[in-house]
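**Student:** Got a structure for you, written out below as structure tokens; questions coming shortly.
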Amino acid sequence: MRRRLLIAVAACVPLAAAVYLPTASAETETSAASTPLNCQTVQVKSPAGTEVESVTAVRQAGGTIKGSGLLGGEVSGVPAFCEVTVTLTHPGDGDHARIRTWLPEQGWNGRFQAIGGSAYLAGDNGVGLGAAVKNGYAVTTTDAGVGDVLDVSWALDGDGRTNKAPLENFASRSQHEAAVVGKDVVAAVYGKRASYAYFTGCSTGGRQGYMEAQRYPDDYDGILADAPAISWDEYEVATLWPQVVMNNEKTYPTGCELDAFTNAAVKACDRLDGARDGLVDDASRCDFDPRRLIGTKVVCEGKELTISAADAAVVRKIWDGPRTTTGKKLWPGVPVGADLKGLAGTVVDTDATVKGVPFPVPAYWLTHWVKKSPSFDISTITYGQFTELFKQSQAEYDEIIGTDDADLSAFRDSGGKLLTWHGSADEFIPTQGTVKYRKQVERMMGGTGNVDDFYRLFLAPGTNHCGLNGQDGSTDGLAALTTWVEQGKAPRTLPATLVNADGKQVQRNLCRYPQVSHYKGYGDLDEATSFRCVSPSQY
């Protein structure tokens with residue numbers, strides 16, 4: 001079980017190389033292949049509030065880059081590059097944040113890119129850096145002075161209180177400082193500044209991209225922020241809801257039973273887009289009632305199980321999402337069509353007792369930051385206590401890491417462009433949380449049309465967490481973003497390869513929110529040209 005959870009965490013950024021591979025359409029005439037490269041003495045100015053502790057510059061031969069830490073991975077064919085490492089500290093905080101910038105020795109495309117992190121890892125583990133260099137980018141990332149994806153040893157200080165300096169680094173300031181330092185390194189090494197600056201990230205990286213747009217609107221010309229972990233203080237607690245439900249109802253559906261509910265819902269709602277194509281285009285409109293499966297037989301590991309009313313009640317609550325004891329909605333639930341095992345994981349004890357296994361990322365947030373007690377037993381949380389913990393997390397951490405400020409006017413006025421895709425079957429970050437934020441921005445900034453001028457959201461049917469990064473389909477969001485920034489051509493759709501319920505790859509054009517895809521009534525169901533984008537009201 002532990003291994004499965006670690007693999008699930010790794011799914012946040014499984015193939016960094018796939019995320020940061022712009023197509024030829026992203027190429028411009030900004031190539032600086034002949035620019036001389038100085039990889040010896042690099043002078044770096046300290047960003048405001050910091051001191052530079054050290055600077056090193058080393059030529060690297062390239063080749064195959066192996067990713068560090070739990071995520072691992074590798075990228076091959078990386079050309080020679082200059083690696084500049086800058087370590088910063090905030091006087092009085094005792095922190096040490098490392099910023100790595102890799103600069104291709106030849107063939108620099110004139111662009112600067114920064115890469116975000118995953119779970120509790122603040123930056124890239126090397127695979128994304130290598131892929132970016134392979135594609136001509138000067139690229140930077142920061143570790144924010146914290147650890148790997150599941151390392152939360154920095155959460156509390158010696159007195160058991162929140163360790164504020166590394167949290168502030170992780171939440172916001174280290175990414176901004178990486179932008180400042182990275183750009184300066186580019187200028188020092190190449191003798192000229194980058195023509196354009198981009199930020200790319202998914203999950204935690206997506207949240208970091210939104211934080212940049214909200215607090216540091218001048219850092220980047222374009223931000224690709226996918227499946228973003230925004231509203232961190234709320235959604236992290238909210239995604240423990242499936243465990244709270246199972247523990248309070250004392251009902252733990254097996255993985256096979258959970259899959260049966262998901263498969264039945266996808267089958268029932270498949271035709272919402274006008275065709276039975278194995279994809280639920282608008283999962284928020286799927287009203288499948290899990291009680292329809294009561295009495296259904298499911299064979300699991302050679303054993304026949306019967307889905308009970310209690311099983312259906314648990315799934316119904318999980319899909320609905322967390323509520324207070326009086327019925328007030330706190331946050332969206334797991335999307336219908338998403339893998340319920342991600343957050344409703346279980347394990348069978350040695351005495352044959354079934355118990356819940358919380359996904360570690362939200363579990364650590366609650367035990368270390370909210371409860372400030374690493375040994376706290378999540379299985380003891382009642383419905384009433386859940387609401388209290390949700391509100392406590394909001395009160396303590398929204399200003400620090402909420403990342404939900406809907407006023408993007410400064411980013412808009414700076415000329416920045418924000419592009420996001422989010423899988424409609426995201427099992428770890430509820431898709432409707434991103435939709436909720438987008439609606440808040442629209443209310444504050446004059447409606448859909450005005451917001452579309454600088455911020456566009458695309459929902460990907462049947463796609464899991466960070467799934468279009470190559471594990472569950474693919475799309476080239478960075479190419480679309482560079483075209484938007486550099487040529488002024490805003491993406492009307494986002495071409496993608498999706499994987500349907502049968503495991504088959506199909507071509508689709510992701511529709512710009514709030515539009516959804518609908519079958520024209522004729523044409524090959526595997527081809528994007530057989531579908532068109534319409535408003536939900538036209539169904």
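Within each chain, counting starts at residue 1; across the structure tokens, chains are named A, B, ... in the order shown, with ligands numbered 1 upward in that order.
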Based on DSSP run over this structure's backbone, return all residues of range 40-84 of chain A in strand (DSSP E or B), as number ranges by chain.

**Tutor:** A: 51-60, 63-66, 74-78, 81-84

**Student:** Extract the full set of alpha helix (DSSP H) residues from range 183-274 of chain A according to DSSP on the backbone, and format it as a compact mmCIF listing (two decimals) with all heavy atoms, in the first residue's frame.

**Tutor:**
```txt
# COMPACT_ATOMS: atom_id res chain seq x y z
N LYS A 183 16.81 35.28 -14.06
CA LYS A 183 16.95 36.26 -15.14
C LYS A 183 18.32 36.93 -15.09
O LYS A 183 18.94 37.19 -16.15
CB LYS A 183 15.84 37.31 -15.03
CG LYS A 183 14.45 36.79 -15.35
CD LYS A 183 13.41 37.88 -15.12
CE LYS A 183 12.00 37.39 -15.32
NZ LYS A 183 11.00 38.45 -15.07
N ASP A 184 18.81 37.23 -13.88
CA ASP A 184 20.13 37.85 -13.76
C ASP A 184 21.22 36.89 -14.23
O ASP A 184 22.21 37.31 -14.85
CB ASP A 184 20.38 38.27 -12.31
CG ASP A 184 19.62 39.52 -11.92
OD1 ASP A 184 19.05 40.18 -12.82
OD2 ASP A 184 19.59 39.85 -10.71
N VAL A 185 21.07 35.61 -13.92
CA VAL A 185 22.06 34.62 -14.35
C VAL A 185 22.08 34.54 -15.87
O VAL A 185 23.15 34.48 -16.49
CB VAL A 185 21.75 33.24 -13.73
CG1 VAL A 185 22.58 32.15 -14.40
CG2 VAL A 185 22.01 33.26 -12.23
N VAL A 186 20.93 34.55 -16.49
CA VAL A 186 20.86 34.53 -17.96
C VAL A 186 21.63 35.71 -18.54
O VAL A 186 22.43 35.56 -19.47
CB VAL A 186 19.39 34.55 -18.43
CG1 VAL A 186 19.31 34.84 -19.94
CG2 VAL A 186 18.70 33.23 -18.12
N ALA A 187 21.39 36.89 -17.99
CA ALA A 187 22.07 38.09 -18.49
C ALA A 187 23.57 38.00 -18.28
O ALA A 187 24.36 38.42 -19.15
CB ALA A 187 21.50 39.33 -17.80
N ALA A 188 23.99 37.44 -17.14
CA ALA A 188 25.42 37.34 -16.85
C ALA A 188 26.12 36.33 -17.75
O ALA A 188 27.25 36.55 -18.20
CB ALA A 188 25.62 36.98 -15.38
N VAL A 189 25.47 35.21 -18.00
CA VAL A 189 26.09 34.15 -18.78
C VAL A 189 26.08 34.45 -20.27
O VAL A 189 27.07 34.25 -20.97
CB VAL A 189 25.39 32.80 -18.49
CG1 VAL A 189 25.88 31.72 -19.45
CG2 VAL A 189 25.64 32.37 -17.05
N TYR A 190 24.96 34.95 -20.79
CA TYR A 190 24.83 35.21 -22.22
C TYR A 190 25.19 36.64 -22.62
O TYR A 190 25.36 36.94 -23.80
CB TYR A 190 23.40 34.91 -22.70
CG TYR A 190 23.04 33.45 -22.73
CD1 TYR A 190 21.90 32.98 -22.08
CD2 TYR A 190 23.83 32.53 -23.40
CE1 TYR A 190 21.54 31.65 -22.11
CE2 TYR A 190 23.48 31.18 -23.44
CZ TYR A 190 22.34 30.75 -22.79
OH TYR A 190 22.00 29.41 -22.83
N THR A 204 1.35 21.31 -7.33
CA THR A 204 2.02 22.35 -6.56
C THR A 204 2.59 23.40 -7.48
O THR A 204 2.52 24.60 -7.22
CB THR A 204 3.14 21.73 -5.69
OG1 THR A 204 2.53 21.06 -4.58
CG2 THR A 204 4.08 22.79 -5.15
N GLY A 205 3.16 22.97 -8.60
CA GLY A 205 3.69 23.91 -9.58
C GLY A 205 2.61 24.80 -10.15
O GLY A 205 2.84 25.97 -10.43
N GLY A 206 1.40 24.24 -10.32
CA GLY A 206 0.29 25.06 -10.79
C GLY A 206 -0.07 26.12 -9.78
O GLY A 206 -0.34 27.28 -10.13
N ARG A 207 -0.09 25.74 -8.50
CA ARG A 207 -0.37 26.73 -7.46
C ARG A 207 0.69 27.83 -7.47
O ARG A 207 0.36 29.02 -7.34
CB ARG A 207 -0.39 26.06 -6.07
CG ARG A 207 -0.77 27.03 -4.94
CD ARG A 207 -0.37 26.51 -3.58
NE ARG A 207 1.06 26.37 -3.42
CZ ARG A 207 1.90 27.38 -3.21
NH1 ARG A 207 1.46 28.62 -3.15
NH2 ARG A 207 3.19 27.15 -3.07
N GLN A 208 1.94 27.45 -7.62
CA GLN A 208 3.01 28.44 -7.64
C GLN A 208 2.84 29.42 -8.80
O GLN A 208 3.11 30.61 -8.66
CB GLN A 208 4.36 27.73 -7.73
CG GLN A 208 4.70 26.95 -6.47
CD GLN A 208 5.83 25.95 -6.69
OE1 GLN A 208 5.99 25.39 -7.77
NE2 GLN A 208 6.62 25.71 -5.65
N GLY A 209 2.37 28.91 -9.93
CA GLY A 209 2.13 29.79 -11.07
C GLY A 209 1.05 30.82 -10.77
O GLY A 209 1.18 32.00 -11.10
N TYR A 210 -0.03 30.37 -10.13
CA TYR A 210 -1.09 31.31 -9.75
C TYR A 210 -0.60 32.31 -8.71
O TYR A 210 -0.97 33.49 -8.74
CB TYR A 210 -2.31 30.54 -9.23
CG TYR A 210 -3.25 30.08 -10.31
CD1 TYR A 210 -2.92 29.02 -11.14
CD2 TYR A 210 -4.47 30.71 -10.53
CE1 TYR A 210 -3.77 28.58 -12.15
CE2 TYR A 210 -5.34 30.29 -11.52
CZ TYR A 210 -4.98 29.23 -12.34
OH TYR A 210 -5.82 28.81 -13.34
N MET A 211 0.24 31.87 -7.78
CA MET A 211 0.79 32.78 -6.80
C MET A 211 1.64 33.86 -7.47
O MET A 211 1.59 35.04 -7.09
CB MET A 211 1.63 32.01 -5.77
CG MET A 211 2.20 32.89 -4.65
SD MET A 211 0.93 33.62 -3.57
CE MET A 211 0.70 32.29 -2.39
N GLU A 212 2.40 33.47 -8.47
CA GLU A 212 3.19 34.45 -9.21
C GLU A 212 2.30 35.49 -9.87
O GLU A 212 2.58 36.69 -9.81
CB GLU A 212 4.05 33.73 -10.26
CG GLU A 212 5.30 33.09 -9.73
CD GLU A 212 6.32 34.13 -9.29
OE1 GLU A 212 6.62 35.04 -10.08
OE2 GLU A 212 6.82 34.03 -8.15
N ALA A 213 1.21 35.04 -10.49
CA ALA A 213 0.30 35.98 -11.15
C ALA A 213 -0.35 36.91 -10.13
O ALA A 213 -0.57 38.10 -10.41
CB ALA A 213 -0.77 35.20 -11.91
N GLN A 214 -0.65 36.39 -8.94
CA GLN A 214 -1.35 37.18 -7.93
C GLN A 214 -0.44 38.16 -7.21
O GLN A 214 -0.82 39.31 -6.97
CB GLN A 214 -2.00 36.23 -6.92
CG GLN A 214 -3.15 35.42 -7.49
CD GLN A 214 -3.57 34.26 -6.61
OE1 GLN A 214 -3.25 34.22 -5.42
NE2 GLN A 214 -4.29 33.29 -7.17
N ARG A 215 0.77 37.73 -6.84
CA ARG A 215 1.63 38.56 -5.99
C ARG A 215 2.82 39.20 -6.70
O ARG A 215 3.34 40.21 -6.25
CB ARG A 215 2.14 37.74 -4.81
CG ARG A 215 1.05 37.32 -3.85
CD ARG A 215 1.61 36.88 -2.52
NE ARG A 215 0.54 36.36 -1.66
CZ ARG A 215 0.74 35.84 -0.47
NH1 ARG A 215 1.97 35.75 0.02
NH2 ARG A 215 -0.28 35.39 0.24
N TRP A 232 -5.11 26.25 -1.26
CA TRP A 232 -4.38 25.18 -0.58
C TRP A 232 -4.92 24.90 0.82
O TRP A 232 -5.11 23.75 1.22
CB TRP A 232 -2.90 25.54 -0.53
CG TRP A 232 -2.00 24.57 0.16
CD1 TRP A 232 -1.85 24.40 1.51
CD2 TRP A 232 -1.12 23.62 -0.47
NE1 TRP A 232 -0.91 23.42 1.76
CE2 TRP A 232 -0.45 22.92 0.57
CE3 TRP A 232 -0.81 23.31 -1.79
CZ2 TRP A 232 0.51 21.93 0.31
CZ3 TRP A 232 0.14 22.32 -2.04
CH2 TRP A 232 0.77 21.64 -1.02
N ASP A 233 -5.15 25.96 1.58
CA ASP A 233 -5.59 25.79 2.97
C ASP A 233 -6.96 25.13 3.08
O ASP A 233 -7.29 24.53 4.11
CB ASP A 233 -5.63 27.15 3.67
CG ASP A 233 -6.49 28.16 2.92
OD1 ASP A 233 -6.17 28.45 1.75
OD2 ASP A 233 -7.47 28.66 3.49
N GLU A 234 -7.76 25.22 2.01
CA GLU A 234 -9.09 24.62 2.02
C GLU A 234 -9.08 23.23 1.39
O GLU A 234 -9.57 22.26 1.97
CB GLU A 234 -10.06 25.52 1.27
CG GLU A 234 -10.24 26.88 1.93
CD GLU A 234 -10.94 27.88 1.04
OE1 GLU A 234 -10.42 28.16 -0.07
OE2 GLU A 234 -11.99 28.38 1.45
N TYR A 235 -8.52 23.14 0.19
CA TYR A 235 -8.65 21.88 -0.53
C TYR A 235 -7.85 20.75 0.12
O TYR A 235 -8.23 19.58 0.07
CB TYR A 235 -8.26 22.06 -2.01
CG TYR A 235 -6.96 21.43 -2.41
CD1 TYR A 235 -6.89 20.09 -2.74
CD2 TYR A 235 -5.78 22.17 -2.42
CE1 TYR A 235 -5.69 19.49 -3.08
CE2 TYR A 235 -4.59 21.60 -2.77
CZ TYR A 235 -4.54 20.25 -3.09
OH TYR A 235 -3.34 19.68 -3.42
N GLU A 236 -6.71 21.10 0.78
CA GLU A 236 -5.93 20.04 1.42
C GLU A 236 -6.74 19.35 2.52
O GLU A 236 -6.72 18.12 2.63
CB GLU A 236 -4.63 20.62 2.00
CG GLU A 236 -3.58 20.98 0.97
CD GLU A 236 -2.94 19.78 0.29
OE1 GLU A 236 -3.39 18.63 0.52
OE2 GLU A 236 -2.00 19.97 -0.49
N VAL A 237 -7.45 20.12 3.31
CA VAL A 237 -8.31 19.51 4.34
C VAL A 237 -9.49 18.82 3.67
O VAL A 237 -9.88 17.71 4.05
CB VAL A 237 -8.79 20.57 5.35
CG1 VAL A 237 -9.73 19.93 6.39
CG2 VAL A 237 -7.60 21.23 6.05
N ALA A 238 -10.06 19.45 2.65
CA ALA A 238 -11.24 18.91 1.98
C ALA A 238 -10.98 17.53 1.38
O ALA A 238 -11.88 16.69 1.34
CB ALA A 238 -11.72 19.88 0.89
N TRP A 241 -11.81 14.32 3.20
CA TRP A 241 -13.23 14.00 3.40
C TRP A 241 -13.55 12.53 3.11
O TRP A 241 -14.29 11.90 3.90
CB TRP A 241 -14.07 14.92 2.53
CG TRP A 241 -15.56 14.69 2.56
CD1 TRP A 241 -16.32 14.19 1.54
CD2 TRP A 241 -16.46 14.97 3.62
NE1 TRP A 241 -17.64 14.13 1.90
CE2 TRP A 241 -17.76 14.62 3.18
CE3 TRP A 241 -16.31 15.48 4.91
CZ2 TRP A 241 -18.89 14.76 3.97
CZ3 TRP A 241 -17.44 15.63 5.72
CH2 TRP A 241 -18.71 15.26 5.26
N PRO A 242 -13.07 11.92 2.02
CA PRO A 242 -13.39 10.51 1.80
C PRO A 242 -13.00 9.61 2.97
O PRO A 242 -13.74 8.67 3.31
CB PRO A 242 -12.58 10.16 0.54
CG PRO A 242 -12.50 11.47 -0.20
CD PRO A 242 -12.31 12.48 0.89
N GLN A 243 -11.86 9.88 3.59
CA GLN A 243 -11.46 9.09 4.76
C GLN A 243 -12.37 9.35 5.95
O GLN A 243 -12.75 8.42 6.68
CB GLN A 243 -10.01 9.42 5.12
CG GLN A 243 -8.99 9.01 4.08
CD GLN A 243 -8.84 7.50 3.95
OE1 GLN A 243 -8.90 6.78 4.95
NE2 GLN A 243 -8.67 7.02 2.73
N VAL A 244 -12.73 10.62 6.15
CA VAL A 244 -13.62 10.98 7.25
C VAL A 244 -14.97 10.29 7.08
O VAL A 244 -15.55 9.77 8.04
CB VAL A 244 -13.78 12.51 7.33
CG1 VAL A 244 -14.85 12.89 8.36
CG2 VAL A 244 -12.45 13.16 7.70
N VAL A 245 -15.47 10.27 5.86
CA VAL A 245 -16.76 9.62 5.59
C VAL A 245 -16.68 8.13 5.91
O VAL A 245 -17.54 7.58 6.62
CB VAL A 245 -17.18 9.84 4.12
CG1 VAL A 245 -18.38 8.95 3.78
CG2 VAL A 245 -17.53 11.29 3.88
N MET A 246 -15.66 7.45 5.38
CA MET A 246 -15.56 6.00 5.62
C MET A 246 -15.43 5.69 7.11
O MET A 246 -16.06 4.75 7.62
CB MET A 246 -14.38 5.42 4.85
CG MET A 246 -14.55 5.45 3.34
SD MET A 246 -13.30 4.49 2.44
CE MET A 246 -11.79 5.34 2.90
N ASN A 247 -14.62 6.49 7.80
CA ASN A 247 -14.42 6.23 9.23
C ASN A 247 -15.68 6.48 10.06
O ASN A 247 -15.98 5.75 11.00
CB ASN A 247 -13.28 7.11 9.75
CG ASN A 247 -11.93 6.68 9.21
OD1 ASN A 247 -11.69 5.49 8.98
ND2 ASN A 247 -11.03 7.63 9.00
N ASN A 248 -16.42 7.53 9.71
CA ASN A 248 -17.63 7.84 10.47
C ASN A 248 -18.79 6.90 10.14
O ASN A 248 -19.62 6.60 11.00
CB ASN A 248 -18.04 9.29 10.23
CG ASN A 248 -17.27 10.26 11.11
OD1 ASN A 248 -17.67 10.59 12.21
ND2 ASN A 248 -16.12 10.71 10.61
N GLU A 249 -18.83 6.46 8.88
CA GLU A 249 -19.88 5.52 8.48
C GLU A 249 -19.50 4.08 8.78
O GLU A 249 -20.31 3.17 8.61
CB GLU A 249 -20.20 5.68 6.99
CG GLU A 249 -20.63 7.09 6.58
CD GLU A 249 -21.87 7.57 7.31
OE1 GLU A 249 -22.77 6.74 7.58
OE2 GLU A 249 -21.94 8.78 7.62
N GLY A 255 -11.40 -1.53 -3.35
CA GLY A 255 -11.03 -0.86 -4.59
C GLY A 255 -11.87 -1.33 -5.76
O GLY A 255 -12.24 -0.54 -6.63
N CYS A 256 -12.20 -2.62 -5.79
CA CYS A 256 -13.02 -3.15 -6.88
C CYS A 256 -14.42 -2.54 -6.85
O CYS A 256 -15.00 -2.23 -7.91
CB CYS A 256 -13.13 -4.67 -6.76
SG CYS A 256 -11.56 -5.54 -6.89
N GLU A 257 -14.96 -2.37 -5.66
CA GLU A 257 -16.30 -1.78 -5.54
C GLU A 257 -16.27 -0.30 -5.94
O GLU A 257 -17.18 0.19 -6.62
CB GLU A 257 -16.81 -1.95 -4.11
CG GLU A 257 -17.14 -3.39 -3.77
CD GLU A 257 -17.42 -3.60 -2.29
OE1 GLU A 257 -16.60 -3.16 -1.46
OE2 GLU A 257 -18.47 -4.19 -1.97
N LEU A 258 -15.22 0.41 -5.52
CA LEU A 258 -15.10 1.81 -5.91
C LEU A 258 -15.00 1.95 -7.42
O LEU A 258 -15.62 2.84 -8.02
CB LEU A 258 -13.88 2.44 -5.23
CG LEU A 258 -13.95 2.60 -3.71
CD1 LEU A 258 -12.63 3.12 -3.17
CD2 LEU A 258 -15.10 3.52 -3.30
N ASP A 259 -14.24 1.06 -8.04
CA ASP A 259 -14.12 1.09 -9.50
C ASP A 259 -15.46 0.81 -10.17
O ASP A 259 -15.78 1.39 -11.22
CB ASP A 259 -13.09 0.06 -9.97
CG ASP A 259 -11.66 0.47 -9.66
OD1 ASP A 259 -11.42 1.66 -9.37
OD2 ASP A 259 -10.76 -0.41 -9.70
N ALA A 260 -16.24 -0.06 -9.56
CA ALA A 260 -17.56 -0.37 -10.13
C ALA A 260 -18.45 0.87 -10.14
O ALA A 260 -19.17 1.12 -11.13
CB ALA A 260 -18.22 -1.48 -9.32
N PHE A 261 -18.42 1.67 -9.08
CA PHE A 261 -19.19 2.91 -9.04
C PHE A 261 -18.71 3.88 -10.12
O PHE A 261 -19.50 4.49 -10.84
CB PHE A 261 -19.08 3.56 -7.67
CG PHE A 261 -19.92 2.93 -6.61
CD1 PHE A 261 -19.33 2.17 -5.60
CD2 PHE A 261 -21.29 3.08 -6.60
CE1 PHE A 261 -20.10 1.57 -4.61
CE2 PHE A 261 -22.08 2.50 -5.61
CZ PHE A 261 -21.48 1.73 -4.61
N THR A 262 -17.39 4.03 -10.22
CA THR A 262 -16.83 4.95 -11.21
C THR A 262 -17.19 4.52 -12.63
O THR A 262 -17.64 5.34 -13.45
CB THR A 262 -15.30 5.03 -11.07
OG1 THR A 262 -14.98 5.51 -9.77
CG2 THR A 262 -14.70 5.96 -12.11
N ASN A 263 -17.01 3.25 -12.93
CA ASN A 263 -17.31 2.75 -14.28
C ASN A 263 -18.78 2.89 -14.62
O ASN A 263 -19.13 3.24 -15.77
CB ASN A 263 -16.88 1.28 -14.40
CG ASN A 263 -15.38 1.10 -14.27
OD1 ASN A 263 -14.61 2.03 -14.50
ND2 ASN A 263 -14.95 -0.10 -13.89
N ALA A 264 -19.64 2.65 -13.66
CA ALA A 264 -21.08 2.77 -13.91
C ALA A 264 -21.45 4.22 -14.18
O ALA A 264 -22.29 4.51 -15.05
CB ALA A 264 -21.86 2.23 -12.71
N ALA A 265 -20.86 5.14 -13.45
CA ALA A 265 -21.16 6.56 -13.65
C ALA A 265 -20.69 7.03 -15.02
O ALA A 265 -21.40 7.76 -15.71
CB ALA A 265 -20.50 7.39 -12.55
N VAL A 266 -19.48 6.62 -15.41
CA VAL A 266 -18.96 7.01 -16.73
C VAL A 266 -19.86 6.46 -17.83
O VAL A 266 -20.19 7.17 -18.79
CB VAL A 266 -17.52 6.51 -16.91
CG1 VAL A 266 -17.06 6.68 -18.36
CG2 VAL A 266 -16.58 7.24 -15.97
N LYS A 267 -20.30 5.21 -17.68
CA LYS A 267 -21.17 4.62 -18.69
C LYS A 267 -22.50 5.35 -18.77
O LYS A 267 -23.03 5.61 -19.86
CB LYS A 267 -21.39 3.14 -18.36
CG LYS A 267 -22.22 2.40 -19.39
CD LYS A 267 -22.33 0.91 -19.04
CE LYS A 267 -23.17 0.17 -20.08
NZ LYS A 267 -23.28 -1.28 -19.77
N ALA A 268 -23.06 5.72 -17.60
CA ALA A 268 -24.36 6.37 -17.57
C ALA A 268 -24.31 7.78 -18.15
O ALA A 268 -25.29 8.24 -18.75
CB ALA A 268 -24.87 6.42 -16.13
N CYS A 269 -23.19 8.47 -17.96
CA CYS A 269 -23.09 9.87 -18.39
C CYS A 269 -22.30 10.07 -19.66
O CYS A 269 -22.06 11.21 -20.08
CB CYS A 269 -22.48 10.70 -17.26
SG CYS A 269 -23.48 10.73 -15.75
```

**Student:** So that I can see what lies close to Leu156 in chain A, please list as an MDAnalysis selection string the residues with an atom at most 8 Å from it, counting only C-alpha atoms and leaving out residues fewer than 3 positions away in the same chain.

**Tutor:** chainID A and resid 153 159:163 368:369 372

**Student:** Would you mind exporting the chosen residues as a short mmCIF file (atom, residue, chain, number, x, y, z; two decimals), in the first residue's frame, restricted to N, CA and C atoms?

**Tutor:**
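Final output, result.cif:
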```cif
data_model
loop_
_atom_site.label_atom_id
_atom_site.label_comp_id
_atom_site.auth_asym_id
_atom_site.auth_seq_id
_atom_site.Cartn_x
_atom_site.Cartn_y
_atom_site.Cartn_z
N SER A 153 9.65 17.43 7.27
CA SER A 153 10.43 17.59 8.49
C SER A 153 10.63 19.05 8.87
N ASP A 159 9.94 23.96 19.08
CA ASP A 159 8.90 24.12 20.09
C ASP A 159 7.54 23.60 19.64
N GLY A 160 7.52 22.95 18.45
CA GLY A 160 6.27 22.40 17.94
C GLY A 160 5.34 23.41 17.32
N ARG A 161 5.88 24.58 16.98
CA ARG A 161 5.08 25.61 16.32
C ARG A 161 5.40 25.64 14.83
N THR A 162 4.50 26.23 14.05
CA THR A 162 4.72 26.32 12.61
C THR A 162 6.03 27.04 12.31
N ASN A 163 6.85 26.42 11.50
CA ASN A 163 8.14 26.99 11.10
C ASN A 163 7.87 27.97 9.96
N HIS A 368 0.65 18.04 10.50
CA HIS A 368 1.82 18.87 10.80
C HIS A 368 1.49 20.36 10.90
N TRP A 369 0.65 20.86 10.01
CA TRP A 369 0.40 22.30 10.01
C TRP A 369 -0.88 22.70 10.78
N LYS A 372 -0.56 20.38 14.22
CA LYS A 372 0.81 20.54 14.76
C LYS A 372 1.16 19.37 15.68
#
```

**Student:** Could you pull the residues within 7 Å of range 75-91 of chain A, counting only C-alpha atoms, minus those fewer than 5 positions along the same chain, as a PDB file with C-alpha atoms, in the first residue's frame?

**Tutor:**
```pdb
ATOM      1  CA  ALA A  17      10.042  15.865 -20.072  1.00  0.00           C
ATOM      2  CA  CYS A  39      30.284  29.762 -17.556  1.00  0.00           C
ATOM      3  CA  GLY A  49      15.460  40.826   1.724  1.00  0.00           C
ATOM      4  CA  THR A  50      18.051  38.160   0.952  1.00  0.00           C
ATOM      5  CA  GLU A  51      21.770  37.570   1.024  1.00  0.00           C
ATOM      6  CA  VAL A  52      23.684  35.477  -1.499  1.00  0.00           C
ATOM      7  CA  GLU A  53      25.584  32.781   0.380  1.00  0.00           C
ATOM      8  CA  SER A  54      27.299  31.169  -2.594  1.00  0.00           C
ATOM      9  CA  VAL A  55      27.446  31.065  -6.392  1.00  0.00           C
ATOM     10  CA  THR A  56      28.930  28.244  -8.460  1.00  0.00           C
ATOM     11  CA  ALA A  57      29.122  27.887 -12.230  1.00  0.00           C
ATOM     12  CA  VAL A  58      30.018  24.538 -13.796  1.00  0.00           C
ATOM     13  CA  ARG A  59      29.928  23.289 -17.384  1.00  0.00           C
ATOM     14  CA  GLN A  60      27.948  20.046 -17.677  1.00  0.00           C
ATOM     15  CA  ALA A  61      28.328  17.678 -20.618  1.00  0.00           C
ATOM     16  CA  GLY A  62      24.636  16.827 -20.799  1.00  0.00           C
ATOM     17  CA  GLY A  63      23.607  13.390 -22.063  1.00  0.00           C
ATOM     18  CA  THR A  64      21.102  11.514 -19.901  1.00  0.00           C
ATOM     19  CA  ILE A  65      19.817  13.356 -16.839  1.00  0.00           C
ATOM     20  CA  LYS A  66      18.397  11.210 -14.041  1.00  0.00           C
ATOM     21  CA  HIS A  96      19.185  28.191   2.709  1.00  0.00           C
ATOM     22  CA  ALA A  97      17.277  28.174  -0.586  1.00  0.00           C
ATOM     23  CA  ARG A  98      19.108  26.790  -3.610  1.00  0.00           C
ATOM     24  CA  ILE A  99      18.331  28.129  -7.095  1.00  0.00           C
ATOM     25  CA  ARG A 100      19.618  26.128 -10.061  1.00  0.00           C
ATOM     26  CA  THR A 101      19.768  27.633 -13.539  1.00  0.00           C
ATOM     27  CA  TRP A 102      20.744  25.557 -16.567  1.00  0.00           C
ATOM     28  CA  LEU A 103      21.739  27.363 -19.751  1.00  0.00           C
ATOM     29  CA  PRO A 104      22.315  25.563 -23.078  1.00  0.00           C
ATOM     30  CA  GLU A 105      25.848  26.032 -24.363  1.00  0.00           C
ATOM     31  CA  VAL A 127      14.196  15.967 -15.494  1.00  0.00           C
ATOM     32  CA  GLY A 130      17.046  18.762 -18.791  1.00  0.00           C
ATOM     33  CA  ALA A 131      14.019  18.679 -21.094  1.00  0.00           C
ATOM     34  CA  VAL A 133      17.575  22.747 -22.047  1.00  0.00           C
ATOM     35  CA  LYS A 134      17.035  20.136 -24.754  1.00  0.00           C
TER      36      LYS A 134
END
```

**Student:** Of the candidates A:Ile115, A:Leu343, A:Leu70, A:Ala496, which one gets nearest to Asp148 in chain A if we count only C-alpha atoms?

**Tutor:**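 Counting only C-alpha atoms, the residue closest to Asp148 in chain A is A:Leu70.
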
**Student:** Using only C-alpha atoms, which residues sit within 8 Å of Gly473 in chain A once same-chain residues fewer than 3 positions away are excluded, as a list of chain:residue names?

**Tutor:**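 What passes the distance filter is A:Thr463, A:Gly467, A:Leu468, A:Asn469, A:Gly470, A:Ala496, A:Thr497, A:Leu498, A:Val499, A:Gln505.
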
**Student:** Find the distance between CA of Asn169 in chain A and CA of Ala406 in chain A and write it in Å to one decimal.

**Tutor:** 21.7 Å
